[in-house]
Amino acid sequence: MNRKHKGLNKWIKECATLCQPDKIVWINGSEEEKNQLEKEAFKTGELIQLNQKKMPGCVYHNTAVNDVARTEKLTFICTKNKRDAGPTNNWMTPKEGYNKAAEIFKGSMKGRTMYVIPFSMGPVGSPFSKIGVELTDSIYVVLNMRIMTRMGKEVLDRLEKTNGDFTKCLHGKAELDINRRLILHFPEDNTIWSVGSGYGGNVLLGKKCLALRIASALGKKEGWMAEHMLIMGIEDPSGYIGYIAAAFPSACGKTNLAMLIPPEGLKRKGYRIWTVGDDIAWMRIDSDGKLWAINPENGLFGVGPGTNAKTNLNMMEALKKDTIFTNVLLKPDKTVWWEGGDGSQPRSGMDWQGRPWKPGQVDEHGQPVTGAHPNARFTVPIKNVPCITNRLDHHHGVPISAIVFGGRRAKLAPLVYESFDWQHGVFVGATMASERTAAQFGKVGEVRRDPMAMLPFCGYNMGDYFKHWLKKGKKMSPAPKVFHVNWFKKDENDKFMWPGFSDNLRVLEWIIDRCRDQVSAKKTAIGYIPNEGDLDMTGLKLPKGTMKKLFAINKAAWRDELVSIAEFFKKFGQDLPKELRAEYKALEKRIAKL
Ligand code: OXD
Ligand code: MN
């Protein structure tokens, strides 16, 4: 089918010539089309239909065993100059990237169908939004993109009407061979090529690839910001809703925070939470001089294991219908389960690798065999979330009062602190870090620096990215206040001191009050912290002395931190903005005085 958009026709022709699919199918986003695609996938076994009485509209999928997570080592930023990708990204020249991937793409869709998915990140037609077109040979990708983005006819019509630019996204499963897998970004060509994988983060190209890596580069050029942040609204008893955007490295509970249920004490006061997004924020300065944000996605791609009615009741409600479950345990009654999920452990099932499973099984090394993969996922329409904001489709998004950074720091950062100003806030974000948990690859407890949680997602030189943040701050009036939180501080017995989850609202209440100048704070060497008694602890009793420990600033630990930051900053050489060097020196001086 030839379209009016010449650039689109030409590009699809080129890709088809390379991949040689048997046929090309344009995706329109209709319900009938979805049913047809599901039917085909049930036939080939790509999908299994789940129990439609208990889980209407839900389906099940397994990825290849070697293809269960994002592969950062195989992810590249392809720019003419290495400097433009910066010291934190894998780099190739565009020529090398196209050649290497073309070798794998060549003829890889013979006997397959190439689907054309026009999609919009952000509400269709919003000044924030960007259009992409993904070509893929995977029905699973089409059905996931149907949930994660606005897609189909309406987007194609818009693209043709405006004859506008779009991100060219080519995905092919090829042989699903880890040695023939590449996730390539070409910011200079507004293009993404992903080959050899079927895992969400590598293949739902609207998400990490477009909405973060390509969008961050576009944002730098066009003057806006693409960030790895949740967005949530906190409604106070007067009905005022303060919105925050928060960045945490993976495995810090971003999805849970975004849809938190107020603890009893604050619920009675009248607090409510409105979820805007759980992973990505696109932010720009509006005509009022303030920072406004949208969630460019239309669905959630979350981790199953550990999600249950206690950790995230809103999420469990959302998963009751129209969800794609990937790499979870399939129960005999065609419902699903995962470790750390609701209900008792099933007595049997099919594990994420498609093998018969029973509790207590061990592998050849004596390690427990889990029913679900630790990174098992669900893909669910965001509108299924009971506390979804009514501003999701607003073209202007929501005004951001506070930016919150966080990480897992067992001994260092206090429960919450506020930066002195925007520049100091950028330093706090740039030096963000998290300690590895057992669920992550690498040594447990090791600190991984992850500036603004963007280390794996910034599509250009991170030195320039910090400069972009500093520049934006100067243009806002007023800029949002910047905070750092740490839900994971441990006591001398290695026990978490803060209960987390619902109780995190006690900290968010203080943050919103600070943004509205309704509460004073105590100045310390690292920033402002709450005055004693200013966090509302109604209904929460912590052991005596815990609050003191949660806010203690340990001189030796902060001195070690300074050494570690200096080491990290060295990576950037001359590209590190002078403002961040100045903030470092200032912190060093304040810590020395403790
Ligand atoms: C994600 C991630 O999947 O950050 O959202 O890894
Ligand atoms: Mn993420």
# chains A, B, ... in the order shown; residues from 1 in each chain; ligands from 1
>>> closest_atom_pairs(of="chain A", to="ligand 1", cutoff="8 Å", atoms="only C-alpha atoms and all ligand atoms", output="Markdown table")
| residue | atom | partner | partner_atom_place_in_ligand_line | distance |
| --- | --- | --- | --- | --- |
| A:Arg70 | CA | ligand 1 | 6 (O) | 7.2 |
| A:Gly201 | CA | ligand 1 | 3 (O) | 6.1 |
| A:Lys208 | CA | ligand 1 | 5 (O) | 7.7 |
| A:His228 | CA | ligand 1 | 4 (O) | 7.6 |
| A:Pro249 | CA | ligand 1 | 4 (O) | 6.8 |
| A:Ser250 | CA | ligand 1 | 4 (O) | 4.6 |
| A:Ala251 | CA | ligand 1 | 6 (O) | 7.8 |
| A:Asp279 | CA | ligand 1 | 5 (O) | 5.9 |
| A:Phe301 | CA | ligand 1 | 3 (O) | 6.9 |
| A:Gly302 | CA | ligand 1 | 3 (O) | 6.8 |
| A:Val303 | CA | ligand 1 | 3 (O) | 7.7 |
>>> select_by_dssp(residues="range 136-354 of chain A", states="strand (DSSP E or B)", output="PyMOL selection string")
chain A and resi 136+150-151+167-172+182-186+191-195+225-227+230-235+241-247+272-277+281-285+291-294+299-303+324-326+329-330+336-337+349-350
>>> residues_around(residues="range 114-125 of chain A", least_positions_apart="6", cutoff="6 Å", atoms="only C-alpha atoms", output="list of chain:residue names")
A:Pro21, A:Ile24, A:Val25, A:Trp26, A:Ile27, A:Ile131, A:Gly132, A:Val133, A:Glu134, A:Leu135, A:Thr136, A:Asp137, A:Arg150, A:Met151, A:Gly152, A:Val155, A:Leu156, A:Pro296, A:Glu297, A:Asp393
>>> residues_around(residues="Lys267 in chain A", least_positions_apart="3", cutoff="12 Å", atoms="only C-alpha atoms", output="list in words")
Ile234, Glu235, Asp236, Pro237, Leu260, Ile261, Pro262, Pro263, Glu264, Gly270, Tyr271, Arg272, Ile273, Ser502, Asp503, Leu505, Arg506, Glu509, Asp536, Thr538 and Gly539 of chain A
>>> residues_around(residues="range 466-474 of chain A", least_positions_apart="5", cutoff="12 Å", atoms="only C-alpha atoms", output="CSV table (one decimal) with all heavy atoms, in the first residue's frame")
chain,number,residue,atom,x,y,z
A,86,GLY,N,29.5,10.3,24.1
A,86,GLY,CA,30.0,10.6,25.4
A,86,GLY,C,30.6,9.3,26.1
A,86,GLY,O,30.6,8.2,25.5
A,216,SER,N,15.8,12.2,24.2
A,216,SER,CA,16.7,13.1,25.0
A,216,SER,C,17.6,13.9,24.0
A,216,SER,O,17.8,15.1,24.3
A,216,SER,CB,17.6,12.3,26.0
A,216,SER,OG,18.4,11.3,25.3
A,217,ALA,N,18.0,13.3,22.9
A,217,ALA,CA,18.8,14.0,22.0
A,217,ALA,C,18.0,15.1,21.2
A,217,ALA,O,18.4,16.2,21.0
A,217,ALA,CB,19.4,13.0,21.0
A,218,LEU,N,16.7,14.7,20.9
A,218,LEU,CA,15.8,15.7,20.3
A,218,LEU,C,15.6,16.8,21.3
A,218,LEU,O,15.5,18.0,20.9
A,218,LEU,CB,14.5,15.0,20.0
A,218,LEU,CG,14.4,14.1,18.7
A,218,LEU,CD1,13.0,13.4,18.7
A,218,LEU,CD2,14.7,14.9,17.5
A,219,GLY,N,15.4,16.5,22.5
A,219,GLY,CA,15.1,17.5,23.6
A,219,GLY,C,16.2,18.5,23.7
A,219,GLY,O,16.0,19.7,23.8
A,220,LYS,N,17.4,18.0,23.6
A,220,LYS,CA,18.6,18.9,23.7
A,220,LYS,C,18.6,19.9,22.5
A,220,LYS,O,18.8,21.1,22.7
A,220,LYS,CB,19.9,18.0,23.7
A,220,LYS,CG,21.2,18.7,23.3
A,220,LYS,CD,21.8,19.3,24.6
A,220,LYS,CE,23.2,19.7,24.4
A,220,LYS,NZ,23.4,20.6,23.3
A,221,LYS,N,18.3,19.3,21.3
A,221,LYS,CA,18.3,20.2,20.1
A,221,LYS,C,17.1,21.2,20.2
A,221,LYS,O,17.3,22.3,19.8
A,221,LYS,CB,18.1,19.2,18.9
A,221,LYS,CG,18.7,19.8,17.6
A,221,LYS,CD,18.9,18.7,16.6
A,221,LYS,CE,17.6,18.2,16.0
A,221,LYS,NZ,17.7,17.1,15.1
A,222,GLU,N,15.9,20.7,20.7
A,222,GLU,CA,14.7,21.5,20.6
A,222,GLU,C,14.4,22.3,21.8
A,222,GLU,O,13.4,23.0,21.9
A,222,GLU,CB,13.5,20.6,20.1
A,222,GLU,CG,13.7,20.0,18.8
A,222,GLU,CD,12.7,18.9,18.5
A,222,GLU,OE1,11.8,18.7,19.4
A,222,GLU,OE2,12.8,18.3,17.4
A,223,GLY,N,15.2,22.0,22.9
A,223,GLY,CA,15.0,22.8,24.1
A,223,GLY,C,14.0,22.3,25.1
A,223,GLY,O,13.4,23.0,25.9
A,224,TRP,N,13.8,20.9,25.2
A,224,TRP,CA,13.0,20.3,26.2
A,224,TRP,C,13.7,19.1,26.8
A,224,TRP,O,14.9,18.9,26.5
A,224,TRP,CB,11.6,19.9,25.6
A,224,TRP,CG,11.6,19.1,24.4
A,224,TRP,CD1,11.9,19.5,23.1
A,224,TRP,CD2,11.4,17.7,24.3
A,224,TRP,NE1,11.8,18.4,22.2
A,224,TRP,CE2,11.5,17.3,22.9
A,224,TRP,CE3,11.1,16.7,25.2
A,224,TRP,CZ2,11.4,16.0,22.5
A,224,TRP,CZ3,10.9,15.4,24.8
A,224,TRP,CH2,11.0,15.0,23.5
A,225,MET,N,13.0,18.4,27.7
A,225,MET,CA,13.7,17.4,28.4
A,225,MET,C,12.9,16.0,28.4
A,225,MET,O,11.7,16.0,28.6
A,225,MET,CB,13.8,17.8,29.9
A,225,MET,CG,14.5,19.1,30.1
A,225,MET,SD,14.2,19.8,31.8
A,225,MET,CE,15.5,19.0,32.7
A,226,ALA,N,13.7,15.0,28.1
A,226,ALA,CA,13.1,13.6,28.1
A,226,ALA,C,13.7,12.9,29.3
A,226,ALA,O,14.9,12.7,29.3
A,226,ALA,CB,13.3,12.9,26.8
A,227,GLU,N,13.0,12.5,30.3
A,227,GLU,CA,13.5,12.0,31.5
A,227,GLU,C,13.0,10.6,31.9
A,227,GLU,O,11.8,10.3,31.7
A,227,GLU,CB,13.3,13.0,32.7
A,227,GLU,CG,14.0,14.3,32.4
A,227,GLU,CD,15.5,14.3,32.2
A,227,GLU,OE1,16.1,13.3,32.8
A,227,GLU,OE2,16.1,15.1,31.5
A,283,MET,N,9.2,16.8,29.5
A,283,MET,CA,8.9,18.1,30.2
A,283,MET,C,9.4,19.3,29.3
A,283,MET,O,10.4,19.3,28.7
A,283,MET,CB,9.7,18.1,31.5
A,283,MET,CG,9.4,16.8,32.3
A,283,MET,SD,9.8,17.0,34.1
A,283,MET,CE,11.6,16.8,34.0
A,284,ARG,N,8.5,20.3,29.4
A,284,ARG,CA,9.0,21.6,28.7
A,284,ARG,C,8.5,22.8,29.4
A,284,ARG,O,7.5,22.7,30.2
A,284,ARG,CB,8.5,21.6,27.2
A,284,ARG,CG,7.1,21.5,27.0
A,284,ARG,CD,6.8,21.7,25.5
A,284,ARG,NE,7.3,20.6,24.7
A,284,ARG,CZ,7.7,20.8,23.4
A,284,ARG,NH1,7.6,22.0,22.9
A,284,ARG,NH2,8.1,19.7,22.7
A,285,ILE,N,9.1,23.9,29.2
A,285,ILE,CA,8.8,25.1,29.8
A,285,ILE,C,7.6,25.8,29.0
A,285,ILE,O,7.7,25.9,27.8
A,285,ILE,CB,9.9,26.1,29.9
A,285,ILE,CG1,11.1,25.4,30.6
A,285,ILE,CG2,9.6,27.4,30.7
A,285,ILE,CD1,12.4,26.2,30.5
A,286,ASP,N,6.5,26.1,29.7
A,286,ASP,CA,5.3,26.6,29.1
A,286,ASP,C,5.4,28.2,29.1
A,286,ASP,O,6.3,28.8,29.7
A,286,ASP,CB,4.1,26.1,29.7
A,286,ASP,CG,3.0,25.9,28.7
A,286,ASP,OD1,2.9,26.8,27.8
A,286,ASP,OD2,2.2,24.9,28.8
A,289,GLY,N,6.2,30.1,32.2
A,289,GLY,CA,7.6,30.0,32.7
A,289,GLY,C,7.8,28.8,33.6
A,289,GLY,O,8.9,28.6,34.1
A,290,LYS,N,6.8,28.0,33.8
A,290,LYS,CA,6.9,26.8,34.6
A,290,LYS,C,7.1,25.6,33.8
A,290,LYS,O,6.9,25.5,32.6
A,290,LYS,CB,5.6,26.7,35.5
A,290,LYS,CG,5.3,27.9,36.4
A,290,LYS,CD,4.5,27.5,37.6
A,290,LYS,CE,4.3,28.6,38.5
A,290,LYS,NZ,3.0,29.3,38.2
A,291,LEU,N,7.6,24.5,34.5
A,291,LEU,CA,7.9,23.3,33.9
A,291,LEU,C,6.6,22.4,33.9
A,291,LEU,O,6.0,22.1,34.9
A,291,LEU,CB,9.0,22.5,34.7
A,291,LEU,CG,9.6,21.3,34.0
A,291,LEU,CD1,10.3,21.7,32.7
A,291,LEU,CD2,10.6,20.6,34.9
A,403,ILE,N,11.0,18.1,41.7
A,403,ILE,CA,11.7,17.0,41.1
A,403,ILE,C,12.3,16.2,42.2
A,403,ILE,O,12.9,16.8,43.1
A,403,ILE,CB,12.7,17.5,40.1
A,403,ILE,CG1,11.9,18.0,38.8
A,403,ILE,CG2,13.8,16.4,39.7
A,403,ILE,CD1,12.7,18.5,37.7
A,421,ASP,N,19.3,24.9,45.8
A,421,ASP,CA,18.7,25.6,44.6
A,421,ASP,C,18.8,24.7,43.4
A,421,ASP,O,19.2,23.5,43.6
A,421,ASP,CB,19.5,26.9,44.3
A,421,ASP,CG,21.0,26.7,44.2
A,421,ASP,OD1,21.4,25.6,43.8
A,421,ASP,OD2,21.7,27.6,44.5
A,422,TRP,N,18.4,25.2,42.3
A,422,TRP,CA,18.4,24.3,41.1
A,422,TRP,C,19.8,23.7,40.7
A,422,TRP,O,20.0,22.5,40.5
A,422,TRP,CB,17.8,25.1,39.9
A,422,TRP,CG,17.8,24.3,38.6
A,422,TRP,CD1,18.7,24.2,37.6
A,422,TRP,CD2,16.7,23.4,38.2
A,422,TRP,NE1,18.4,23.3,36.6
A,422,TRP,CE2,17.1,22.8,37.0
A,422,TRP,CE3,15.5,23.0,38.8
A,422,TRP,CZ2,16.3,21.9,36.3
A,422,TRP,CZ3,14.7,22.0,38.1
A,422,TRP,CH2,15.2,21.5,36.8
A,423,GLN,N,20.8,24.6,40.7
A,423,GLN,CA,22.2,24.1,40.4
A,423,GLN,C,22.6,23.0,41.3
A,423,GLN,O,23.2,22.0,40.9
A,423,GLN,CB,23.1,25.3,40.4
A,423,GLN,CG,24.6,24.9,40.1
A,423,GLN,CD,25.5,26.1,40.0
A,423,GLN,OE1,25.3,27.0,39.2
A,423,GLN,NE2,26.6,26.0,40.7
A,424,HIS,N,22.4,23.2,42.6
A,424,HIS,CA,22.7,22.2,43.6
A,424,HIS,C,21.9,20.9,43.3
A,424,HIS,O,22.4,19.8,43.4
A,424,HIS,CB,22.5,22.7,45.0
A,424,HIS,CG,22.8,21.7,46.1
A,424,HIS,ND1,22.0,21.5,47.2
A,424,HIS,CD2,23.8,20.8,46.2
A,424,HIS,CE1,22.5,20.5,47.9
A,424,HIS,NE2,23.6,20.1,47.4
A,425,GLY,N,20.6,21.1,42.9
A,425,GLY,CA,19.7,20.0,42.6
A,425,GLY,C,20.3,19.2,41.4
A,425,GLY,O,20.2,18.0,41.4
A,426,VAL,N,20.8,19.9,40.4
A,426,VAL,CA,21.4,19.2,39.3
A,426,VAL,C,22.6,18.4,39.7
A,426,VAL,O,22.8,17.2,39.3
A,426,VAL,CB,21.8,20.2,38.2
A,426,VAL,CG1,22.5,19.5,37.0
A,426,VAL,CG2,20.6,20.9,37.6
A,427,PHE,N,23.4,18.9,40.7
A,427,PHE,CA,24.5,18.1,41.2
A,427,PHE,C,24.0,16.9,42.0
A,427,PHE,O,24.6,15.8,41.8
A,427,PHE,CB,25.3,19.0,42.2
A,427,PHE,CG,26.4,18.3,43.0
A,427,PHE,CD1,27.6,18.1,42.4
A,427,PHE,CD2,26.2,17.9,44.3
A,427,PHE,CE1,28.7,17.5,43.1
A,427,PHE,CE2,27.2,17.2,45.0
A,427,PHE,CZ,28.4,17.0,44.4
A,428,VAL,N,22.9,17.1,42.7
A,428,VAL,CA,22.3,15.9,43.5
A,428,VAL,C,21.9,14.8,42.5
A,428,VAL,O,22.1,13.7,42.7
A,428,VAL,CB,21.2,16.4,44.4
A,428,VAL,CG1,20.4,15.2,44.9
A,428,VAL,CG2,21.7,17.3,45.5
A,429,GLY,N,21.3,15.3,41.4
A,429,GLY,CA,20.8,14.3,40.4
A,429,GLY,C,22.0,13.7,39.6
A,429,GLY,O,22.0,12.5,39.4
A,430,ALA,N,23.0,14.5,39.3
A,430,ALA,CA,24.2,14.0,38.6
A,430,ALA,C,25.0,13.0,39.4
A,430,ALA,O,25.7,12.2,38.8
A,430,ALA,CB,25.0,15.1,38.1
A,431,THR,N,24.9,13.0,40.7
A,431,THR,CA,25.7,12.1,41.6
A,431,THR,C,24.8,11.0,42.2
A,431,THR,O,25.3,10.3,43.0
A,431,THR,CB,26.4,12.9,42.7
A,431,THR,OG1,25.3,13.6,43.4
A,431,THR,CG2,27.3,14.0,42.2
A,451,PRO,N,23.3,8.9,37.0
A,451,PRO,CA,22.8,10.2,37.0
A,451,PRO,C,21.4,10.3,36.5
A,451,PRO,O,21.1,9.8,35.5
A,451,PRO,CB,23.8,11.0,36.1
A,451,PRO,CG,25.0,10.1,36.0
A,451,PRO,CD,24.5,8.7,36.2
A,452,MET,N,20.6,11.0,37.3
A,452,MET,CA,19.1,11.2,37.0
A,452,MET,C,18.5,9.9,36.5
A,452,MET,O,17.5,9.9,35.8
A,452,MET,CB,19.0,12.2,35.9
A,452,MET,CG,19.2,13.7,36.3
A,452,MET,SD,20.9,14.1,36.4
A,452,MET,CE,20.8,15.9,36.6
A,454,MET,N,19.5,8.0,34.3
A,454,MET,CA,19.5,8.1,32.8
A,454,MET,C,20.8,7.4,32.3
A,454,MET,O,21.0,7.4,31.0
A,454,MET,CB,19.5,9.5,32.4
A,454,MET,CG,18.1,10.1,32.4
A,454,MET,SD,17.0,9.4,31.1
A,454,MET,CE,17.5,10.5,29.7
A,455,LEU,N,21.6,6.8,33.1
A,455,LEU,CA,22.9,6.2,32.6
A,455,LEU,C,22.6,5.3,31.4
A,455,LEU,O,23.3,5.5,30.4
A,455,LEU,CB,23.6,5.5,33.7
A,455,LEU,CG,25.0,5.0,33.4
A,455,LEU,CD1,25.9,6.2,33.3
A,455,LEU,CD2,25.5,4.0,34.4
A,458,CYS,N,20.5,7.9,28.2
A,458,CYS,CA,20.8,9.2,27.7
A,458,CYS,C,21.4,9.0,26.3
A,458,CYS,O,22.4,8.3,26.1
A,458,CYS,CB,21.8,9.9,28.6
A,458,CYS,SG,22.1,11.6,28.0
A,460,TYR,N,23.0,10.9,24.3
A,460,TYR,CA,24.1,11.8,23.9
A,460,TYR,C,25.1,11.9,25.0
A,460,TYR,O,24.9,11.3,26.1
A,460,TYR,CB,23.6,13.1,23.3
A,460,TYR,CG,22.9,14.0,24.3
A,460,TYR,CD1,23.5,15.1,24.9
A,460,TYR,CD2,21.5,13.7,24.6
A,460,TYR,CE1,22.8,16.0,25.7
A,460,TYR,CE2,20.8,14.6,25.4
A,460,TYR,CZ,21.5,15.7,26.0
A,460,TYR,OH,20.8,16.5,26.9
A,461,ASN,N,26.1,12.8,24.8
A,461,ASN,CA,27.1,13.0,25.8
A,461,ASN,C,26.6,13.5,27.2
A,461,ASN,O,25.9,14.5,27.2
A,461,ASN,CB,28.2,14.0,25.3
A,461,ASN,CG,29.4,14.1,26.2
A,461,ASN,OD1,29.3,14.1,27.4
A,461,ASN,ND2,30.5,14.1,25.6
A,479,ALA,N,11.8,27.6,39.0
A,479,ALA,CA,12.1,26.2,38.7
A,479,ALA,C,11.6,25.4,39.8
A,479,ALA,O,11.4,25.9,40.9
A,479,ALA,CB,13.6,26.1,38.6
A,480,PRO,N,11.2,24.1,39.5
A,480,PRO,CA,10.7,23.2,40.6
A,480,PRO,C,11.8,23.1,41.6
A,480,PRO,O,13.0,23.2,41.3
A,480,PRO,CB,10.5,21.9,39.9
A,480,PRO,CG,10.5,22.2,38.4
A,480,PRO,CD,11.2,23.4,38.2
A,481,LYS,N,11.4,22.8,42.9
A,481,LYS,CA,12.4,22.5,43.9
A,481,LYS,C,12.9,21.1,43.7
A,481,LYS,O,12.1,20.3,43.1
A,481,LYS,CB,11.8,22.6,45.3
A,481,LYS,CG,11.6,24.0,45.8
A,481,LYS,CD,11.0,23.9,47.2
A,481,LYS,CE,10.7,25.3,47.8
A,481,LYS,NZ,11.9,26.0,48.3
A,482,VAL,N,14.1,20.8,44.1
A,482,VAL,CA,14.7,19.5,43.8
A,482,VAL,C,15.0,18.8,45.1
A,482,VAL,O,15.6,19.4,46.0
A,482,VAL,CB,16.0,19.6,43.0
A,482,VAL,CG1,16.6,18.2,42.7
A,482,VAL,CG2,15.8,20.4,41.7
A,569,PHE,N,33.3,11.6,38.3
A,569,PHE,CA,33.3,12.9,37.5
A,569,PHE,C,34.5,12.9,36.6
A,569,PHE,O,34.5,13.5,35.5
A,569,PHE,CB,33.4,14.1,38.4
A,569,PHE,CG,32.0,14.6,38.9
A,569,PHE,CD1,31.9,15.7,39.7
A,569,PHE,CD2,30.9,14.0,38.5
A,569,PHE,CE1,30.7,16.2,40.1
A,569,PHE,CE2,29.6,14.5,38.9
A,569,PHE,CZ,29.5,15.6,39.7
A,572,PHE,N,34.2,12.3,32.8
A,572,PHE,CA,33.7,13.3,31.8
A,572,PHE,C,34.8,14.3,31.4
A,572,PHE,O,34.5,15.1,30.5
A,572,PHE,CB,32.5,14.1,32.5
A,572,PHE,CG,31.4,13.1,32.8
A,572,PHE,CD1,31.2,12.6,34.0
A,572,PHE,CD2,30.5,12.8,31.8
A,572,PHE,CE1,30.2,11.7,34.3
A,572,PHE,CE2,29.4,12.0,32.1
A,572,PHE,CZ,29.3,11.4,33.3
A,575,ASP,N,34.4,17.8,29.6
A,575,ASP,CA,32.9,17.9,29.3
A,575,ASP,C,32.1,18.1,30.6
A,575,ASP,O,30.9,18.5,30.5
A,575,ASP,CB,32.4,16.7,28.6
A,575,ASP,CG,33.0,16.6,27.2
A,575,ASP,OD1,33.3,17.7,26.6
A,575,ASP,OD2,33.2,15.5,26.7
A,576,LEU,N,32.7,18.0,31.8
A,576,LEU,CA,31.9,18.2,33.0
A,576,LEU,C,31.7,19.7,33.2
A,576,LEU,O,32.6,20.4,33.2
A,576,LEU,CB,32.6,17.6,34.2
A,576,LEU,CG,31.8,17.6,35.5
A,576,LEU,CD1,30.8,16.4,35.5
A,576,LEU,CD2,32.6,17.5,36.7
A,577,PRO,N,30.4,20.1,33.3
A,577,PRO,CA,30.2,21.6,33.5
A,577,PRO,C,30.9,22.1,34.7
A,577,PRO,O,30.9,21.5,35.8
A,577,PRO,CB,28.7,21.7,33.6
A,577,PRO,CG,28.1,20.4,33.3
A,577,PRO,CD,29.2,19.4,33.3
A,578,LYS,N,31.4,23.3,34.6
A,578,LYS,CA,32.1,24.0,35.7
A,578,LYS,C,31.2,24.1,37.0
A,578,LYS,O,31.7,24.1,38.1
A,578,LYS,CB,32.8,25.3,35.3
A,578,LYS,CG,31.8,26.3,34.9
A,578,LYS,CD,32.6,27.6,34.5
A,578,LYS,CE,31.7,28.8,34.2
A,578,LYS,NZ,30.4,28.6,33.5
A,579,GLU,N,29.9,24.3,36.7
A,579,GLU,CA,29.0,24.5,37.8
A,579,GLU,C,29.0,23.3,38.7
A,579,GLU,O,28.8,23.4,39.9
A,579,GLU,CB,27.6,24.7,37.3
A,579,GLU,CG,27.3,26.1,36.6
A,579,GLU,CD,27.7,26.0,35.1
A,579,GLU,OE1,28.3,25.0,34.7
A,579,GLU,OE2,27.2,26.9,34.4
A,580,LEU,N,29.1,22.1,38.1
A,580,LEU,CA,29.1,20.9,38.9
A,580,LEU,C,30.4,20.7,39.7
A,580,LEU,O,30.4,20.2,40.9
A,580,LEU,CB,28.9,19.6,38.1
A,580,LEU,CG,27.5,19.6,37.4
A,580,LEU,CD1,27.2,18.2,36.8
A,580,LEU,CD2,26.3,19.9,38.4
A,581,ARG,N,31.5,21.2,39.1
A,581,ARG,CA,32.8,21.2,39.9
A,581,ARG,C,32.7,22.1,41.1
A,581,ARG,O,33.1,21.8,42.2
A,581,ARG,CB,34.0,21.7,39.0
A,581,ARG,CG,34.5,20.7,38.1
A,581,ARG,CD,35.7,21.2,37.3
A,581,ARG,NE,35.8,20.6,36.0
A,581,ARG,CZ,36.1,19.4,35.8
A,581,ARG,NH1,36.4,18.5,36.7
A,581,ARG,NH2,36.1,18.9,34.5
>>> residues_around(residues="Ala16 in chain A", least_positions_apart="3", cutoff="12 Å", atoms="only C-alpha atoms", output="PyMOL selection string")
chain A and resi 9-13+19-25+102+105-110+112-116+135-137+170-172
>>> residues_around(residues="Glu446 in chain A", least_positions_apart="6", cutoff="9 Å", atoms="only C-alpha atoms", output="PDB file with N, CA and C atoms, in the first residue's frame")
ATOM      1  N   SER A 434      22.900   4.031  43.348  1.00  0.00           N
ATOM      2  CA  SER A 434      22.117   3.014  44.029  1.00  0.00           C
ATOM      3  C   SER A 434      23.009   1.810  44.287  1.00  0.00           C
ATOM      4  N   GLU A 435      22.718   1.126  45.386  1.00  0.00           N
ATOM      5  CA  GLU A 435      23.486  -0.084  45.681  1.00  0.00           C
ATOM      6  C   GLU A 435      22.769  -1.275  45.077  1.00  0.00           C
ATOM      7  N   ARG A 436      23.534  -2.176  44.481  1.00  0.00           N
ATOM      8  CA  ARG A 436      22.923  -3.326  43.804  1.00  0.00           C
ATOM      9  C   ARG A 436      22.223  -4.250  44.784  1.00  0.00           C
ATOM     10  N   THR A 437      21.074  -4.786  44.355  1.00  0.00           N
ATOM     11  CA  THR A 437      20.376  -5.791  45.164  1.00  0.00           C
ATOM     12  C   THR A 437      20.719  -7.158  44.575  1.00  0.00           C
TER      13      THR A 437
END
>>> atom_distance(atom1="CA of Val398 in chain A", atom2="CA of Gly463 in chain A")
28.2 Å
>>> select_by_dssp(residues="range 196-417 of chain A", states="helix (DSSP H, G or I)", output="VMD selection string")
chain A and resid 200 to 203 206 to 222 254 to 258 264 to 269 313 to 318 382 to 384
>>> atom_distance(atom1="CA of Trp338 in chain A", atom2="CA of Asn66 in chain A")
19.5 Å
>>> closest_residue(among="A:Lys334, A:His484, A:Lys320, A:Arg409", to="Asn384 in chain A", atoms="only C-alpha atoms")
A:Lys320
